[in-house]
$ cat coords.csv   # CSV, C-alpha atoms
chain,number,residue,atom,x,y,z
R,21,MET,CA,0.0,0.0,0.0
R,22,ASP,CA,1.3,3.4,-0.9
R,23,LYS,CA,2.0,5.8,1.9
R,24,ILE,CA,0.1,9.0,1.9
R,25,HIS,CA,2.1,12.1,2.7
R,26,TRP,CA,-1.0,14.0,3.6
R,27,ALA,CA,0.4,16.5,6.2
R,28,SER,CA,3.3,17.5,3.9
R,29,GLN,CA,1.0,18.0,1.0
R,30,TRP,CA,-1.5,20.0,2.9
R,31,LEU,CA,1.3,22.3,4.3
R,32,ALA,CA,2.7,22.7,0.8
R,33,ASN,CA,-0.7,23.7,-0.5
R,34,GLN,CA,-0.8,26.4,2.3
R,35,ASN,CA,2.4,27.9,0.9
R,36,VAL,CA,4.4,27.1,4.1
R,37,ASP,CA,8.1,27.6,3.9
R,38,GLU,CA,9.8,24.3,2.8
R,39,ARG,CA,12.3,24.6,5.6
R,40,TYR,CA,9.6,24.2,8.2
R,41,ILE,CA,7.3,21.8,6.5
R,42,GLU,CA,9.0,18.7,7.8
R,43,TRP,CA,9.0,19.9,11.5
R,44,ILE,CA,5.4,21.1,11.3
R,45,ALA,CA,4.4,17.8,9.7
R,46,LEU,CA,6.2,15.9,12.5
R,47,GLY,CA,4.3,17.9,15.1
R,48,ILE,CA,1.0,17.2,13.4
R,49,ASP,CA,1.8,13.5,13.0
R,50,PHE,CA,2.8,13.4,16.7
R,51,LEU,CA,-0.4,14.9,17.8
R,52,LEU,CA,-2.4,12.5,15.7
R,53,LEU,CA,-0.4,9.6,17.1
R,54,ALA,CA,-1.0,10.8,20.7
R,55,PHE,CA,-4.7,11.2,19.9
R,56,LEU,CA,-4.9,7.8,18.4
R,57,SER,CA,-3.2,6.1,21.4
R,58,LEU,CA,-5.5,7.9,23.9
R,59,ILE,CA,-8.6,6.9,22.0
R,60,ALA,CA,-7.3,3.2,21.8
R,61,ASP,CA,-6.4,3.2,25.4
R,62,PHE,CA,-9.7,4.7,26.5
R,63,LEU,CA,-11.7,2.2,24.4
R,64,SER,CA,-9.7,-0.8,25.5
R,65,ARG,CA,-10.0,0.1,29.2
R,66,ARG,CA,-13.7,1.0,28.8
R,67,ILE,CA,-14.7,-2.0,26.8
R,68,LEU,CA,-12.1,-4.8,27.5
R,69,VAL,CA,-11.7,-4.2,31.2
R,70,SER,CA,-15.4,-3.7,31.8
R,71,ILE,CA,-16.2,-7.0,30.1
R,72,ILE,CA,-13.6,-8.8,32.1
R,73,HIS,CA,-14.8,-7.2,35.3
R,74,ALA,CA,-18.3,-8.3,34.7
R,75,ALA,CA,-17.1,-11.8,33.9
R,76,VAL,CA,-15.0,-12.0,37.1
R,77,LYS,CA,-18.1,-11.1,39.2
R,78,ARG,CA,-20.1,-13.8,37.6
R,79,THR,CA,-17.6,-16.7,37.9
R,80,LYS,CA,-17.3,-18.8,41.1
R,81,ALA,CA,-13.5,-19.2,40.7
R,82,THR,CA,-11.3,-17.2,43.0
R,83,TRP,CA,-8.1,-16.9,41.0
R,84,ASP,CA,-9.6,-14.2,38.7
R,85,ASP,CA,-10.5,-12.1,41.7
R,86,TYR,CA,-6.8,-12.0,42.7
R,87,PHE,CA,-5.8,-11.1,39.1
R,88,PHE,CA,-8.4,-8.3,38.9
R,89,GLU,CA,-7.3,-7.0,42.3
R,90,GLN,CA,-3.6,-6.8,41.2
R,91,LYS,CA,-4.8,-5.0,37.9
R,92,VAL,CA,-3.5,-7.8,35.7
R,93,PHE,CA,-6.3,-7.3,33.2
R,94,LYS,CA,-5.8,-3.5,33.1
R,95,GLY,CA,-2.1,-4.2,32.2
R,96,VAL,CA,-3.3,-6.4,29.3
R,97,ALA,CA,-5.6,-3.6,28.2
R,98,HIS,CA,-2.7,-1.2,28.1
R,99,LEU,CA,-0.9,-3.4,25.6
R,100,VAL,CA,-3.7,-3.1,23.0
R,101,PRO,CA,-3.2,0.7,22.3
R,102,ALA,CA,0.6,0.1,22.3
R,103,ALA,CA,0.3,-2.5,19.6
R,104,ILE,CA,-2.1,-0.3,17.6
R,105,VAL,CA,0.3,2.6,17.8
R,106,TYR,CA,3.3,0.4,16.8
R,107,ASN,CA,1.5,-0.9,13.7
R,108,SER,CA,0.3,2.5,12.6
R,109,LEU,CA,3.7,4.3,12.8
R,110,HIS,CA,4.5,3.7,9.1
R,111,TYR,CA,1.2,5.3,8.0
R,112,VAL,CA,0.9,8.2,10.5
R,113,LEU,CA,4.6,9.2,10.3
R,114,SER,CA,4.9,8.7,6.5
R,115,ASP,CA,5.7,12.4,6.1
R,116,VAL,CA,8.9,12.0,8.2
R,117,PRO,CA,10.1,8.4,7.5
R,118,ARG,CA,13.4,9.0,9.2
R,119,MET,CA,11.6,9.5,12.6
R,120,ILE,CA,9.8,6.1,12.3
R,121,PRO,CA,12.7,4.0,13.7
R,122,ILE,CA,13.1,6.4,16.7
R,123,PHE,CA,9.4,6.1,17.5
R,124,GLU,CA,9.5,2.4,17.0
R,125,LYS,CA,12.2,2.1,19.6
R,126,ILE,CA,10.2,4.3,22.0
R,127,VAL,CA,7.1,2.2,21.6
R,128,VAL,CA,9.0,-1.1,21.9
R,129,VAL,CA,10.6,0.2,25.1
R,130,TYR,CA,7.2,1.1,26.4
R,131,ILE,CA,5.8,-2.4,25.5
R,132,ILE,CA,8.7,-4.1,27.3
R,133,VAL,CA,8.1,-2.0,30.4
R,134,LEU,CA,4.4,-2.9,30.2
R,135,LEU,CA,5.3,-6.6,29.9
R,136,VAL,CA,7.6,-6.6,32.9
R,137,THR,CA,4.9,-4.8,34.9
R,138,LEU,CA,2.4,-7.3,33.8
R,139,VAL,CA,4.6,-10.2,34.8
R,140,ASN,CA,5.2,-8.6,38.2
R,141,ARG,CA,1.4,-8.1,38.8
R,142,THR,CA,0.6,-11.7,37.6
R,143,LEU,CA,3.2,-13.2,40.0
R,144,ARG,CA,1.8,-11.2,42.9
R,145,ALA,CA,-1.7,-12.4,42.1
R,146,LEU,CA,-0.5,-16.0,41.9
R,147,GLU,CA,1.3,-15.6,45.2
R,148,ASN,CA,-1.8,-14.3,46.9
R,149,TRP,CA,-4.0,-16.9,45.3
R,150,LEU,CA,-1.8,-19.9,46.0
R,151,SER,CA,-1.0,-18.8,49.6
R,152,GLN,CA,-4.8,-19.3,50.3
R,153,ASN,CA,-4.8,-22.7,48.8
R,154,GLU,CA,-3.9,-25.5,51.2
R,155,LYS,CA,-2.6,-27.6,48.4
R,156,TYR,CA,0.3,-25.2,47.8
R,157,THR,CA,1.1,-24.2,51.4
R,158,ASN,CA,4.3,-26.2,51.5
R,159,THR,CA,5.6,-25.3,48.1
R,160,PRO,CA,8.2,-22.6,47.5
R,161,VAL,CA,5.7,-20.3,45.6
R,162,ARG,CA,7.2,-17.1,47.0
R,163,THR,CA,10.7,-18.1,46.1
R,164,ILE,CA,9.9,-19.3,42.6
R,165,SER,CA,8.0,-16.0,42.1
R,166,GLN,CA,11.0,-14.0,43.1
R,167,VAL,CA,13.3,-15.9,40.8
R,168,VAL,CA,10.9,-15.5,37.9
R,169,ARG,CA,10.7,-11.8,38.7
R,170,LEU,CA,14.5,-11.4,38.7
R,171,LEU,CA,14.8,-13.3,35.4
R,172,ALA,CA,12.0,-11.1,33.9
R,173,PHE,CA,13.8,-7.9,35.0
R,174,PHE,CA,17.1,-9.3,33.7
R,175,GLY,CA,15.7,-10.2,30.4
R,176,ALA,CA,14.0,-6.8,30.0
R,177,ALA,CA,17.3,-5.1,30.8
R,178,ILE,CA,19.1,-7.1,28.1
R,179,ALA,CA,16.3,-6.3,25.6
R,180,LEU,CA,16.3,-2.6,26.4
R,181,ILE,CA,20.1,-2.3,26.1
R,182,SER,CA,20.0,-4.2,22.8
R,183,ILE,CA,17.3,-1.9,21.4
R,184,LEU,CA,18.8,1.4,22.6
R,185,THR,CA,22.4,0.5,21.5
R,186,GLY,CA,21.6,-1.5,18.5
R,187,THR,CA,23.8,-4.4,19.9
R,188,SER,CA,22.5,-7.9,19.5
R,189,ALA,CA,21.3,-9.7,22.7
R,190,GLY,CA,23.8,-12.5,22.1
R,191,ALA,CA,26.7,-10.0,22.2
R,192,ILE,CA,25.4,-8.5,25.4
R,193,LEU,CA,25.0,-11.9,27.0
R,194,GLY,CA,28.6,-12.7,25.9
R,195,ALA,CA,29.8,-9.6,27.6
R,196,PHE,CA,27.9,-10.6,30.8
R,197,ALA,CA,29.4,-14.1,30.6
R,198,GLY,CA,32.8,-12.5,30.8
R,199,THR,CA,31.9,-10.8,34.0
R,200,THR,CA,30.3,-13.8,35.6
R,201,ALA,CA,33.0,-14.3,38.2
R,202,ILE,CA,32.5,-10.7,39.3
R,203,LEU,CA,28.8,-11.0,39.5
R,204,ILE,CA,29.0,-14.2,41.5
R,205,LEU,CA,31.4,-12.5,43.9
R,206,VAL,CA,29.1,-9.5,44.2
R,207,PHE,CA,25.8,-11.5,44.5
R,208,GLN,CA,27.2,-14.5,46.4
R,209,ASP,CA,25.0,-13.9,49.4
R,210,SER,CA,21.9,-13.8,47.2
R,211,ILE,CA,22.9,-17.0,45.4
R,212,LYS,CA,23.6,-18.8,48.7
R,213,GLY,CA,20.3,-17.5,50.0
R,214,LEU,CA,18.5,-18.8,46.9
R,215,LEU,CA,20.0,-22.2,47.2
R,216,ALA,CA,19.3,-22.3,51.0
R,217,ASN,CA,15.7,-21.3,50.3
R,218,PHE,CA,15.2,-24.2,47.9
R,219,GLN,CA,16.7,-26.6,50.5
R,220,ILE,CA,14.4,-25.2,53.2
R,221,HIS,CA,11.3,-26.0,51.0
R,222,MET,CA,12.7,-29.2,49.5
R,223,TYR,CA,13.4,-30.8,53.0
R,224,ASP,CA,10.5,-29.1,54.6
R,225,LEU,CA,12.7,-27.6,57.3
R,226,VAL,CA,10.4,-24.7,58.2
R,227,LYS,CA,7.3,-23.1,56.8
R,228,VAL,CA,5.2,-20.0,57.5
R,229,GLY,CA,3.3,-20.4,60.8
R,230,ASP,CA,5.9,-22.7,62.4
R,231,TRP,CA,7.0,-22.0,66.0
R,232,ILE,CA,10.8,-22.1,65.9
R,233,THR,CA,13.6,-21.6,68.5
R,234,PHE,CA,16.9,-20.4,67.2
R,235,SER,CA,19.2,-19.8,70.1
R,236,LYS,CA,22.1,-18.5,68.1
R,237,TYR,CA,20.1,-15.6,66.8
R,238,GLY,CA,17.9,-15.1,69.9
R,239,VAL,CA,14.8,-16.1,68.0
R,240,ASP,CA,11.8,-17.7,69.7
R,241,GLY,CA,8.5,-17.3,67.9
R,242,ASP,CA,6.4,-17.8,64.8
R,243,VAL,CA,7.6,-17.7,61.2
R,244,LEU,CA,6.0,-14.7,59.3
R,245,SER,CA,7.5,-15.1,55.9
R,246,ILE,CA,10.3,-17.0,54.0
R,247,ASP,CA,11.9,-14.6,51.5
R,248,LEU,CA,14.6,-15.1,48.9
R,249,THR,CA,17.5,-14.7,51.4
R,250,THR,CA,15.9,-14.2,54.8
R,251,VAL,CA,13.3,-15.7,57.1
R,252,LYS,CA,11.2,-13.3,59.1
R,253,VAL,CA,10.1,-14.4,62.6
R,254,GLN,CA,7.8,-12.7,65.1
R,255,ASN,CA,9.1,-13.4,68.6
R,256,PHE,CA,6.7,-13.9,71.5
R,257,ASP,CA,7.5,-10.5,72.8
R,258,LYS,CA,6.1,-9.1,69.6
R,259,THR,CA,9.6,-8.1,68.2
R,260,VAL,CA,10.4,-9.2,64.7
R,261,SER,CA,13.7,-10.9,63.8
R,262,THR,CA,15.2,-11.7,60.4
R,263,VAL,CA,17.4,-14.8,60.1
R,264,PRO,CA,19.6,-15.5,57.0
R,265,ALA,CA,18.1,-18.4,55.0
R,266,THR,CA,21.5,-20.1,55.0
R,267,ALA,CA,21.4,-20.4,58.8
R,268,PHE,CA,18.5,-22.9,58.6
R,269,VAL,CA,20.7,-25.2,56.5
R,270,GLN,CA,24.0,-24.7,58.3
R,271,ASP,CA,23.1,-24.3,61.9
R,272,SER,CA,20.9,-26.2,64.4
R,273,PHE,CA,17.4,-24.9,65.4
R,274,VAL,CA,14.3,-26.3,67.0
R,275,ASN,CA,11.0,-26.5,65.0
R,276,TRP,CA,8.0,-27.2,67.2
R,277,ARG,CA,5.7,-28.1,64.3
R,278,GLY,CA,5.7,-31.8,65.2
R,279,MET,CA,4.6,-31.0,68.7
R,280,SER,CA,1.9,-28.7,67.5
R,281,GLU,CA,0.6,-31.2,65.0
R,282,SER,CA,0.6,-34.1,67.4
R,283,GLY,CA,-1.7,-32.3,69.9
R,284,ALA,CA,0.6,-33.2,72.8
R,285,ARG,CA,3.6,-31.5,74.4
R,286,ARG,CA,6.4,-33.2,76.4
R,287,ILE,CA,7.1,-32.7,80.0
R,288,LYS,CA,10.6,-33.8,81.0
R,289,ARG,CA,11.8,-32.6,84.4
R,290,ASN,CA,13.7,-34.1,87.3
R,291,ILE,CA,12.9,-34.2,91.0
R,292,HIS,CA,16.1,-34.4,93.1
R,293,ILE,CA,15.8,-36.6,96.1
R,294,ASP,CA,18.2,-36.5,99.0
R,295,ILE,CA,20.0,-39.8,99.1
R,296,THR,CA,20.1,-39.9,102.9
R,297,SER,CA,16.3,-40.0,103.1
R,298,ILE,CA,16.0,-43.3,101.1
R,299,ARG,CA,15.1,-46.3,103.2
R,300,HIS,CA,13.2,-49.6,103.4
R,301,LEU,CA,9.6,-49.5,104.6
R,302,ASP,CA,9.0,-50.2,108.2
R,303,GLU,CA,5.6,-51.2,109.6
R,304,GLY,CA,4.6,-47.7,110.4
R,305,LEU,CA,5.4,-46.2,107.0
R,306,MET,CA,3.9,-49.1,105.2
R,307,ASP,CA,0.6,-48.7,107.1
R,308,ALA,CA,0.6,-44.9,106.2
R,309,LEU,CA,1.2,-45.5,102.6
R,310,MET,CA,-1.5,-48.2,102.4
R,311,GLU,CA,-3.9,-45.4,103.0
R,312,ILE,CA,-3.1,-43.9,99.6
R,313,ASP,CA,-5.7,-45.2,97.1
R,314,LEU,CA,-3.5,-44.9,94.0
R,315,ILE,CA,-0.8,-47.3,95.2
R,316,ASN,CA,-2.8,-49.5,97.7
R,317,PRO,CA,-3.5,-52.3,95.1
R,318,PHE,CA,0.0,-52.2,93.9
R,319,MET,CA,1.5,-52.4,97.4
R,320,VAL,CA,-0.8,-55.3,98.3
R,321,ASN,CA,0.2,-57.3,95.3
R,322,ARG,CA,3.9,-56.4,95.6
R,323,GLN,CA,4.0,-57.3,99.3
R,324,LYS,CA,2.3,-60.6,98.6
R,325,GLU,CA,4.9,-61.3,95.9
R,326,ILE,CA,7.7,-60.3,98.3
R,327,ASP,CA,6.4,-62.5,101.2
R,328,GLU,CA,6.1,-65.5,98.9
R,329,SER,CA,9.7,-64.9,97.7
R,330,ASN,CA,11.0,-64.5,101.3
R,331,SER,CA,9.2,-67.5,102.6
R,332,LYS,CA,11.2,-69.7,100.3
R,333,LYS,CA,14.4,-68.4,101.9
R,334,GLU,CA,15.5,-69.1,105.4
R,335,SER,CA,16.4,-65.8,107.1
R,336,LYS,CA,18.3,-66.1,110.4
R,337,GLY,CA,18.3,-62.4,111.3
R,338,ALA,CA,15.6,-59.8,111.7
R,339,SER,CA,17.4,-57.2,109.6
R,340,LEU,CA,15.4,-55.5,106.9
R,341,LEU,CA,18.3,-56.4,104.6
R,342,ASN,CA,17.5,-60.0,104.8
R,343,GLY,CA,15.3,-60.8,101.9
R,344,ARG,CA,13.3,-58.5,99.6
R,345,ARG,CA,11.8,-55.2,100.9
R,346,GLN,CA,9.9,-52.3,99.5
R,347,THR,CA,11.5,-48.9,99.5
R,348,ASN,CA,10.0,-45.5,99.9
R,349,ILE,CA,11.6,-44.1,96.7
R,350,GLY,CA,10.4,-47.1,94.7
R,351,LEU,CA,6.9,-46.6,95.9
R,352,TYR,CA,7.2,-42.9,95.2
R,353,ARG,CA,8.1,-43.6,91.6
R,354,LYS,CA,5.1,-45.9,91.2
R,355,TYR,CA,2.9,-43.3,92.8
R,356,ILE,CA,4.0,-40.7,90.3
R,357,GLU,CA,3.4,-43.1,87.4
R,358,PHE,CA,-0.2,-43.9,88.6
R,359,TYR,CA,-0.9,-40.3,89.4
R,360,LEU,CA,0.1,-39.2,85.8
R,361,ARG,CA,-1.9,-42.1,84.2
R,362,ASN,CA,-5.0,-41.0,86.0
R,363,HIS,CA,-4.4,-37.3,85.3
R,364,ALA,CA,-7.1,-35.8,83.0
R,365,ASP,CA,-4.6,-33.4,81.3
R,366,ILE,CA,-1.9,-36.1,80.4
R,367,ASN,CA,-2.1,-37.9,77.1
R,368,ASN,CA,-1.6,-41.6,77.7
R,369,GLU,CA,-1.2,-42.4,74.0
R,370,PHE,CA,2.4,-41.1,74.2
R,371,THR,CA,5.3,-42.3,76.2
R,372,LEU,CA,4.8,-42.1,80.0
R,373,MET,CA,7.8,-43.0,82.1
R,374,VAL,CA,9.2,-42.3,85.6
R,375,ARG,CA,12.8,-43.4,86.0
R,376,GLN,CA,15.8,-43.0,88.3
R,377,LEU,CA,18.9,-41.4,86.8
R,378,GLN,CA,22.5,-41.5,87.7
R,379,PRO,CA,23.1,-40.1,91.2
R,380,THR,CA,25.0,-36.8,91.4
R,381,THR,CA,26.2,-34.4,94.0
R,382,GLU,CA,22.7,-33.0,94.0
R,383,GLY,CA,21.1,-36.3,95.0
R,384,ILE,CA,19.2,-38.9,93.0
R,385,PRO,CA,17.3,-37.4,90.0
R,386,VAL,CA,13.8,-39.0,89.5
R,387,GLU,CA,12.9,-38.0,85.9
R,388,VAL,CA,9.2,-37.5,85.0
R,389,TYR,CA,8.7,-38.0,81.3
R,390,CYS,CA,5.2,-37.6,79.8
R,391,PHE,CA,3.0,-35.5,77.4
R,392,THR,CA,0.2,-33.1,78.1
R,393,ALA,CA,-3.0,-33.4,76.2
R,394,THR,CA,-2.7,-29.8,74.9
R,395,THR,CA,0.0,-27.7,73.1
R,396,GLU,CA,-1.3,-24.3,74.2
R,397,TRP,CA,1.6,-22.7,76.0
R,398,SER,CA,-0.2,-21.1,78.9
R,399,LEU,CA,-2.3,-24.2,79.6
R,400,TYR,CA,0.8,-26.4,79.3
R,401,GLU,CA,2.8,-24.4,81.9
R,402,GLY,CA,-0.2,-24.4,84.2
R,403,ILE,CA,-0.6,-28.2,84.0
R,404,MET,CA,3.1,-28.8,84.5
R,405,SER,CA,3.3,-26.5,87.5
R,406,ASP,CA,0.2,-28.1,89.2
R,407,ILE,CA,1.7,-31.6,88.7
R,408,PHE,CA,5.0,-30.8,90.2
R,409,ASP,CA,3.5,-28.8,93.0
R,410,HIS,CA,1.7,-32.0,94.0
R,411,LEU,CA,4.7,-34.2,93.5
R,412,TYR,CA,7.0,-32.0,95.6
R,413,ALA,CA,4.5,-32.0,98.4
R,414,ALA,CA,4.0,-35.8,98.1
R,415,THR,CA,7.6,-36.5,99.0
R,416,ARG,CA,6.9,-35.9,102.7
R,417,HIS,CA,4.3,-38.6,102.8
R,418,PHE,CA,6.9,-41.1,101.6
R,419,ASP,CA,9.4,-39.9,104.2
R,420,LEU,CA,11.6,-38.5,101.4
R,421,SER,CA,13.5,-35.2,101.4
R,422,LEU,CA,14.0,-33.0,98.4
R,423,TYR,CA,17.6,-32.0,97.8
R,424,GLN,CA,18.5,-28.4,97.9
R,425,LYS,CA,21.9,-26.7,98.1
R,426,PRO,CA,22.5,-25.0,101.4
R,427,THR,CA,21.5,-21.3,101.5
R,428,GLY,CA,22.7,-18.4,103.6
R,429,ALA,CA,19.9,-19.1,106.1
R,430,ASP,CA,20.9,-22.7,106.4
R,431,ILE,CA,24.5,-21.7,107.2
R,432,ARG,CA,23.4,-19.1,109.7
R,433,ALA,CA,21.1,-21.6,111.4
R,434,PHE,CA,24.0,-24.2,111.6
R,435,GLN,CA,26.4,-21.6,113.1
R,436,ALA,CA,23.8,-20.6,115.7
R,437,LYS,CA,23.7,-24.1,117.1
$ encode --input "coords.csv" --output "structure tokens"
Amino acid sequence: MDKIHWASQWLANQNVDERYIEWIALGIDFLLLAFLSLIADFLSRRILVSIIHAAVKRTKATWDDYFFEQKVFKGVAHLVPAAIVYNSLHYVLSDVPRMIPIFEKIVVVYIIVLLVTLVNRTLRALENWLSQNEKYTNTPVRTISQVVRLLAFFGAAIALISILTGTSAGAILGAFAGTTAILILVFQDSIKGLLANFQIHMYDLVKVGDWITFSKYGVDGDVLSIDLTTVKVQNFDKTVSTVPATAFVQDSFVNWRGMSESGARRIKRNIHIDITSIRHLDEGLMDALMEIDLINPFMVNRQKEIDESNSKKESKGASLLNGRRQTNIGLYRKYIEFYLRNHADINNEFTLMVRQLQPTTEGIPVEVYCFTATTEWSLYEGIMSDIFDHLYAATRHFDLSLYQKPTGADIRAFQAK
């Protein structure tokens, strides 16, 4: 199709000086181009976006709501007038053909910027949509989105440099390849963080919402977000800490997710018994302990078993060391076990154990190992405190003494004697 030099011809017919015809024609063409782009943009936004908005309201799907909220469809609508302007340059600017390549570059640059913006909005919409979908809660959506975003910006930068300088994209990439070592050195933290981020998601080390304890960084709280190079944690004192993603791969930390998902939380604490208070049962202590309902059946059966065993052996002396005897610490351990098994707030589906550990200079540790039926922190602490309040007080009934290092008051009382 022949190009119509309408502006130049009209100006020539008006007897305009030939020295100014080209510039005036360029101005007229530019105004026409601007008017054409505004009309196309207005129509595309009015018609295309309105139709899409109406369709989004009618559909039951949720993903399109996130796309509309992030103005993805509006970004697509902006591409329509850009494409129309680009294809009309050869006709509108036919009066000044040497300006066509310049305007083509401007429009292409604008289109590239629009595309990068569209990719960014689309990724944000996908992040928001997938974050609400339980199916994708454990997938590295945010990380992948950030990587794609970086690649999009990098690709756009290469394209812009190629267009503005007239250099081929291959030559530009070749130049970048020559500086790879420098780039790796400059962005080594980002690269390490990216790899660590993939490992975090691949091995399911931590995810948003997990309660973690990271002593090295003074972190104790819930994970807010997992970004490209950092993990953001809100501590229980409402402060927010950021931990390098690489730390979760290289260092040791505690993730309490398993405890939360199990519905039970462990109690593991020692009661230190004074060794000098341990003894065999005599008749008086046995009668007193027989009054305790929790251990009465056990004591009766155990004593019957002991009597049968001792009757088979001939004992010449009356010492309690002759034959088998029950001890106050052994019965105390059994009492703790029965007490916990009958406790409404203890989960009996998990390990429950009361054991004696290696004696130390602080007496004999009796370890209580069990699980509460709740993981809520405040309730857990209350249950554990109530249990040990009772167990500490119960030692007196078994004629046992708790071990405690001498205090200043003890020393003063000793000196006063």
$ residues_around --input "coords.csv" --residues "stretch 361-367 of chain R" --least-positions-apart "3" --cutoff "7 Å" --atoms "only C-alpha atoms" --output "PyMOL selection string"
chain R and resi 284+357-358+370+391-393
$ residues_around --input "coords.csv" --residues "R:Cys390" --least-positions-apart "2" --cutoff "6 Å" --atoms "all atoms listed in the file" --output "ChimeraX atom specification"
/R:286-287,371-372
$ atom_distance --input "coords.csv" --atom1 "atom CA of R:Val167" --atom2 "atom CA of R:Thr137"
15.1 Å
$ residues_around --input "coords.csv" --residues "stretch 378-386 of chain R" --least-positions-apart "5" --cutoff "12 Å" --atoms "all atoms listed in the file" --output "ChimeraX atom specification"
/R:288-298,349-350,352-354,356-357,373,411-412,415,420-426
$ residues_around --input "coords.csv" --residues "R:Val161" --least-positions-apart "5" --cutoff "9 Å" --atoms "all atoms listed in the file" --output "list in words"
Leu146, Glu147, Leu150, Ser151, Tyr156 and Gln166 of chain R
